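What follows is structure_24.cif (mmCIF, C-alpha atoms).
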data_my_file
#
loop_
_atom_site.label_atom_id
_atom_site.label_comp_id
_atom_site.auth_asym_id
_atom_site.auth_seq_id
_atom_site.Cartn_x
_atom_site.Cartn_y
_atom_site.Cartn_z
CA MET A 5 64.69 7.19 -9.95
CA THR A 6 62.18 8.67 -12.37
CA ARG A 7 61.16 12.23 -11.64
CA TRP A 8 57.53 12.77 -12.51
CA PRO A 9 55.71 16.07 -13.08
CA GLU A 10 54.48 17.53 -9.75
CA PRO A 11 50.86 16.26 -9.98
CA VAL A 12 52.12 12.73 -10.73
CA GLU A 13 54.60 12.97 -7.84
CA ARG A 14 51.64 13.62 -5.50
CA VAL A 15 49.95 10.41 -6.71
CA SER A 16 53.21 8.46 -6.53
CA ALA A 17 53.84 9.65 -2.95
CA VAL A 18 50.44 8.33 -1.81
CA LEU A 19 51.11 4.96 -3.46
CA ARG A 20 54.57 4.69 -1.86
CA ALA A 21 53.36 5.75 1.60
CA ALA A 22 50.57 3.15 1.50
CA ALA A 23 52.92 0.43 0.17
CA VAL A 24 50.61 -0.21 -2.77
CA ASP A 25 51.80 -2.46 -5.56
CA ALA A 26 51.03 -0.10 -8.42
CA ARG A 27 52.62 0.95 -11.69
CA ILE A 28 52.59 4.50 -13.07
CA GLU A 29 53.07 4.78 -16.81
CA GLN A 30 53.59 7.71 -19.12
CA PHE A 31 52.08 7.44 -22.57
CA GLY A 32 53.22 9.09 -25.78
CA GLU A 33 49.79 10.50 -26.43
CA GLU A 34 47.12 12.06 -24.27
CA THR A 35 44.41 9.83 -22.83
CA PRO A 36 41.67 12.42 -22.22
CA THR A 37 38.84 9.90 -22.60
CA ALA A 38 38.30 6.44 -21.17
CA ARG A 39 38.11 4.99 -24.68
CA ALA A 40 41.46 6.57 -25.64
CA ALA A 41 43.04 5.32 -22.41
CA ALA A 42 41.81 1.74 -22.93
CA ARG A 43 43.12 1.78 -26.51
CA VAL A 44 46.58 3.08 -25.52
CA ILE A 45 46.88 0.74 -22.52
CA GLY A 46 45.40 -2.28 -24.26
CA CYS A 47 42.82 -3.08 -21.59
CA GLU A 48 39.04 -3.36 -21.46
CA LEU A 49 37.05 -0.13 -21.28
CA ASP A 50 35.47 -1.16 -17.95
CA GLN A 51 38.96 -1.36 -16.37
CA ILE A 52 39.41 2.40 -16.83
CA VAL A 53 38.41 4.45 -13.79
CA LYS A 54 36.79 7.77 -14.67
CA SER A 55 37.23 10.18 -11.74
CA ILE A 56 34.22 12.48 -11.95
CA VAL A 57 33.86 15.41 -9.58
CA LEU A 58 30.26 16.21 -8.67
CA VAL A 59 28.77 18.98 -6.58
CA CYS A 60 26.14 17.46 -4.28
CA ASP A 61 24.21 20.03 -2.26
CA GLY A 62 27.31 22.23 -2.40
CA ALA A 63 29.81 19.53 -1.31
CA TYR A 64 32.39 17.96 -3.61
CA VAL A 65 31.90 14.23 -4.20
CA LEU A 66 34.21 12.07 -6.31
CA ALA A 67 32.52 9.35 -8.36
CA LEU A 68 34.79 6.54 -9.63
CA VAL A 69 32.95 5.17 -12.64
CA PRO A 70 33.91 2.46 -15.17
CA GLY A 71 34.95 3.75 -18.58
CA ASP A 72 31.99 2.11 -20.27
CA ARG A 73 29.42 3.78 -18.00
CA ARG A 74 28.24 7.20 -16.94
CA ALA A 75 27.55 8.40 -13.40
CA ASP A 76 23.81 8.17 -12.82
CA ASP A 77 22.58 11.28 -10.98
CA ASP A 78 19.84 9.34 -9.19
CA ALA A 79 22.31 6.72 -7.95
CA VAL A 80 24.68 9.44 -6.72
CA ARG A 81 21.82 11.37 -5.12
CA ALA A 82 20.70 8.26 -3.25
CA ALA A 83 24.24 7.29 -2.20
CA VAL A 84 25.08 10.67 -0.66
CA GLY A 85 21.61 11.77 0.40
CA ALA A 86 21.71 14.93 -1.70
CA ASP A 87 18.90 16.82 -3.37
CA ILE A 88 20.94 18.60 -6.03
CA VAL A 89 23.70 16.83 -8.00
CA ARG A 90 25.64 18.37 -10.87
CA VAL A 91 28.97 17.88 -12.60
CA ALA A 92 31.65 20.24 -11.29
CA ARG A 93 32.94 23.04 -13.51
CA SER A 94 36.60 23.03 -14.52
CA ASP A 95 37.62 25.54 -11.80
CA GLU A 96 35.73 23.48 -9.20
CA VAL A 97 37.54 20.30 -10.28
CA ILE A 98 40.90 22.00 -9.76
CA HIS A 99 39.82 23.41 -6.37
CA ALA A 100 38.42 20.06 -5.16
CA THR A 101 41.21 17.79 -6.40
CA GLY A 102 44.30 19.82 -7.22
CA PHE A 103 44.31 18.23 -10.67
CA GLU A 104 43.42 19.62 -14.09
CA PRO A 105 40.37 18.08 -15.81
CA GLY A 106 41.58 15.21 -18.00
CA GLY A 107 44.25 14.24 -15.49
CA VAL A 108 42.25 13.86 -12.28
CA ALA A 109 43.59 11.18 -9.96
CA PRO A 110 41.39 9.72 -7.20
CA PHE A 111 44.01 10.71 -4.59
CA PRO A 112 45.33 12.74 -2.90
CA GLN A 113 42.34 15.06 -2.67
CA ARG A 114 41.90 18.59 -1.37
CA ALA A 115 38.21 19.31 -0.84
CA ILE A 116 36.44 16.03 -1.64
CA THR A 117 34.01 15.19 1.16
CA GLN A 118 33.07 11.70 -0.02
CA THR A 119 34.17 9.19 -2.66
CA LEU A 120 31.85 6.70 -4.35
CA MET A 121 33.27 3.73 -6.26
CA ASP A 122 31.29 1.55 -8.64
CA ARG A 123 31.35 -1.96 -7.18
CA SER A 124 31.89 -3.54 -10.64
CA PHE A 125 35.60 -2.62 -10.38
CA LEU A 126 35.94 -5.37 -7.76
CA ASN A 127 35.38 -7.92 -10.56
CA HIS A 128 38.83 -7.08 -12.00
CA ASP A 129 42.35 -7.99 -10.91
CA GLU A 130 43.73 -4.71 -12.27
CA ILE A 131 42.22 -1.30 -13.01
CA TRP A 132 43.70 1.94 -14.34
CA ILE A 133 43.33 5.39 -12.80
CA GLY A 134 44.37 8.84 -13.95
CA ALA A 135 47.69 9.66 -12.32
CA GLY A 136 47.80 13.44 -12.40
CA THR A 137 48.12 14.45 -16.06
CA SER A 138 46.46 13.47 -19.33
CA VAL A 139 49.47 11.31 -20.29
CA HIS A 140 50.02 9.48 -16.97
CA MET A 141 48.00 6.56 -15.66
CA ALA A 142 48.51 4.04 -12.88
CA SER A 143 47.43 0.44 -12.55
CA LEU A 144 46.50 -1.09 -9.23
CA ARG A 145 44.16 -3.61 -7.67
CA PRO A 146 40.61 -2.33 -7.10
CA GLN A 147 40.81 -3.27 -3.41
CA GLU A 148 43.76 -0.89 -3.07
CA LEU A 149 41.81 1.93 -4.74
CA LEU A 150 38.97 1.29 -2.32
CA ARG A 151 41.37 1.44 0.64
CA LEU A 152 43.23 4.56 -0.52
CA THR A 153 40.07 6.55 -1.23
CA ASN A 154 37.99 5.21 1.65
CA ALA A 155 35.22 4.97 -0.94
CA LYS A 156 31.70 3.74 -0.47
CA THR A 157 30.97 1.00 -3.02
CA VAL A 158 27.70 1.45 -4.88
CA GLU A 159 26.06 0.70 -8.21
CA LEU A 160 26.92 4.03 -9.80
CA GLY A 161 26.34 4.02 -13.46
CA GLY A 162 24.15 3.26 -16.35
CA ARG A 163 25.56 2.20 -19.70
CA GLY A 164 26.74 4.93 -21.98
#
Any chance you could put this one into structure tokens?
Amino acid sequence: MTRWPEPVERVSAVLRAAAVDARIEQFGEETPTARAAARVIGCELDQIVKSIVLVCDGAYVLALVPGDRRADDDAVRAAVGADIVRVARSDEVIHATGFEPGGVAPFPQRAITQTLMDRSFLNHDEIWIGAGTSVHMASLRPQELLRLTNAKTVELGGRG
């Protein structure tokens, strides 16, 4: 059995416990951006899930956004009912998720109070998430991501 680095083991344990049909892969080069990940994997950019940690009125919110889009502050603000929305700093990302920026997985989480998932992911049979490091990614069905994160599906992002 493959022994993954500790952050990847945490992701793998959630997938196993939930009996999710998923595949974790390690790549020979880092995939710090959605565009790099899509190129290395050989998938469409909108199949890459960007896990963006936001601070919304002081609470940590995880936005799961397609690789070809950006999280729209107004859409996030409306979805969570917050007045102030900002991108989390590096130390806040680590505190909220337990993962280093560039390797954030959507689960398991530490201090995330709510997860938002762009509903466009449901148009795909397979999507790719960060799996704990900048060289590990996992593929799974979007319905499984929705179930594992207990996310609220919304229209999250504008192009860009």
Run the PyMOL selection byres ((chain A and resi 21-36) around 9) mentally over the shown coordinates, then write out the matched residues as a PyMOL selection string, using the chain letters and numbers from the document. chain A and resi 12+16-20+37-45+105-107+134-135+137-145+148+152
Let me know the residues the PyMOL selection byres ((chain A and resi 112) around 7) catches in the file above, as an MDAnalysis selection string. chainID A and resid 14:15 18 110:111 113:114
For A:Val69, find every residue with an atom within 10 Å (counting all atoms listed in the file), except residues of its own chain fewer than 6 positions away, and show them as a list in words.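 The neighbour list is Asp50, Gln51, Ile52, Val53, Lys54, Ser55, Ile56, Ala75, Asp76, Leu120, Met121, Asp122, Arg123, Ser124, Phe125, Glu159, Leu160, Gly161 and Gly162 of chain A.
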Could you work out how far atom CA of A:Leu126 lies from atom CA of A:Ala155, giving the answer in Å with one decimal?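 Atom-to-atom, atom CA of A:Ala155 to atom CA of A:Leu126, that is 12.4 Å.
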Please work out which residues fall within 6 Å of (30.0, 20.6, -10.5), coordinates as given in the file, with only C-alpha atoms counting, and return them as a CSV table (one decimal) with C-alpha atoms, in the coordinates of the input.
chain,number,residue,atom,x,y,z
A,58,LEU,CA,30.3,16.2,-8.7
A,59,VAL,CA,28.8,19.0,-6.6
A,90,ARG,CA,25.6,18.4,-10.9
A,91,VAL,CA,29.0,17.9,-12.6
A,92,ALA,CA,31.6,20.2,-11.3
A,93,ARG,CA,32.9,23.0,-13.5
Among listed residues A:Ala82, A:Ile98, A:Leu49, A:Val158, nearest A:Pro70 (using all atoms listed in the file):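 Once distances to A:Pro70 are computed over all atoms listed in the file, the minimum belongs to A:Leu49.
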So, counting all atoms listed in the file, which residue among A:Ile131, A:Ala115, A:Leu149, A:Leu66 is closest to A:Ala100?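 So, comparing all the options, the nearest one is A:Ala115.
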A:Val84 environment, 9 Å, all atoms listed in the file, sequence neighbours closer than 3 positions dropped, as a ChimeraX atom specification: /A:60,65,79-81,118,120
Would you mind telling me which residue in A:Pro146, A:Pro9, A:Gly62, A:Gly46 lies nearest to A:Ile133 when using only C-alpha atoms?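 Selected residue with least distance to A:Ile133: A:Pro146.
Of the listed residues A:Asn127, A:Thr117, A:Thr157, A:Thr101, the one whose atoms come nearest to A:Ala83 is A:Thr157, with distances taken using only C-alpha atoms.
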Using only C-alpha atoms, can you tell me which of A:Asp61, A:Ile116, A:Arg74, A:Ala109 comes closest to A:Gly136?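 Ranked by minimum distance to A:Gly136, first place goes to A:Ala109.
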To one decimal place in Å, what is the distance between atom CA of A:Cys47 and atom CA of A:Arg7?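 Those two atoms sit 25.9 Å apart.
For the pair atom CA of A:Gly85 and atom CA of A:Glu104, the interatomic distance is 27.3 Å.
Of the residues listed (A:Phe103, A:Asn154, A:Ala67, A:Glu13), A:Ala67 shows the shortest atom-to-atom separation from A:Val89; distances use all atoms listed in the file.
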Kindly list the centre and edge lengths in Å, rounded to one decimal, for the axis-aligned box that covers all listed atoms of stretch 20-26 of chain A plus 6 Å on each of its six sides, as AutoDock Vina command-line options.
--center_x 52.6 --center_y 1.6 --center_z -3.4 --size_x 16.0 --size_y 20.2 --size_z 22.0
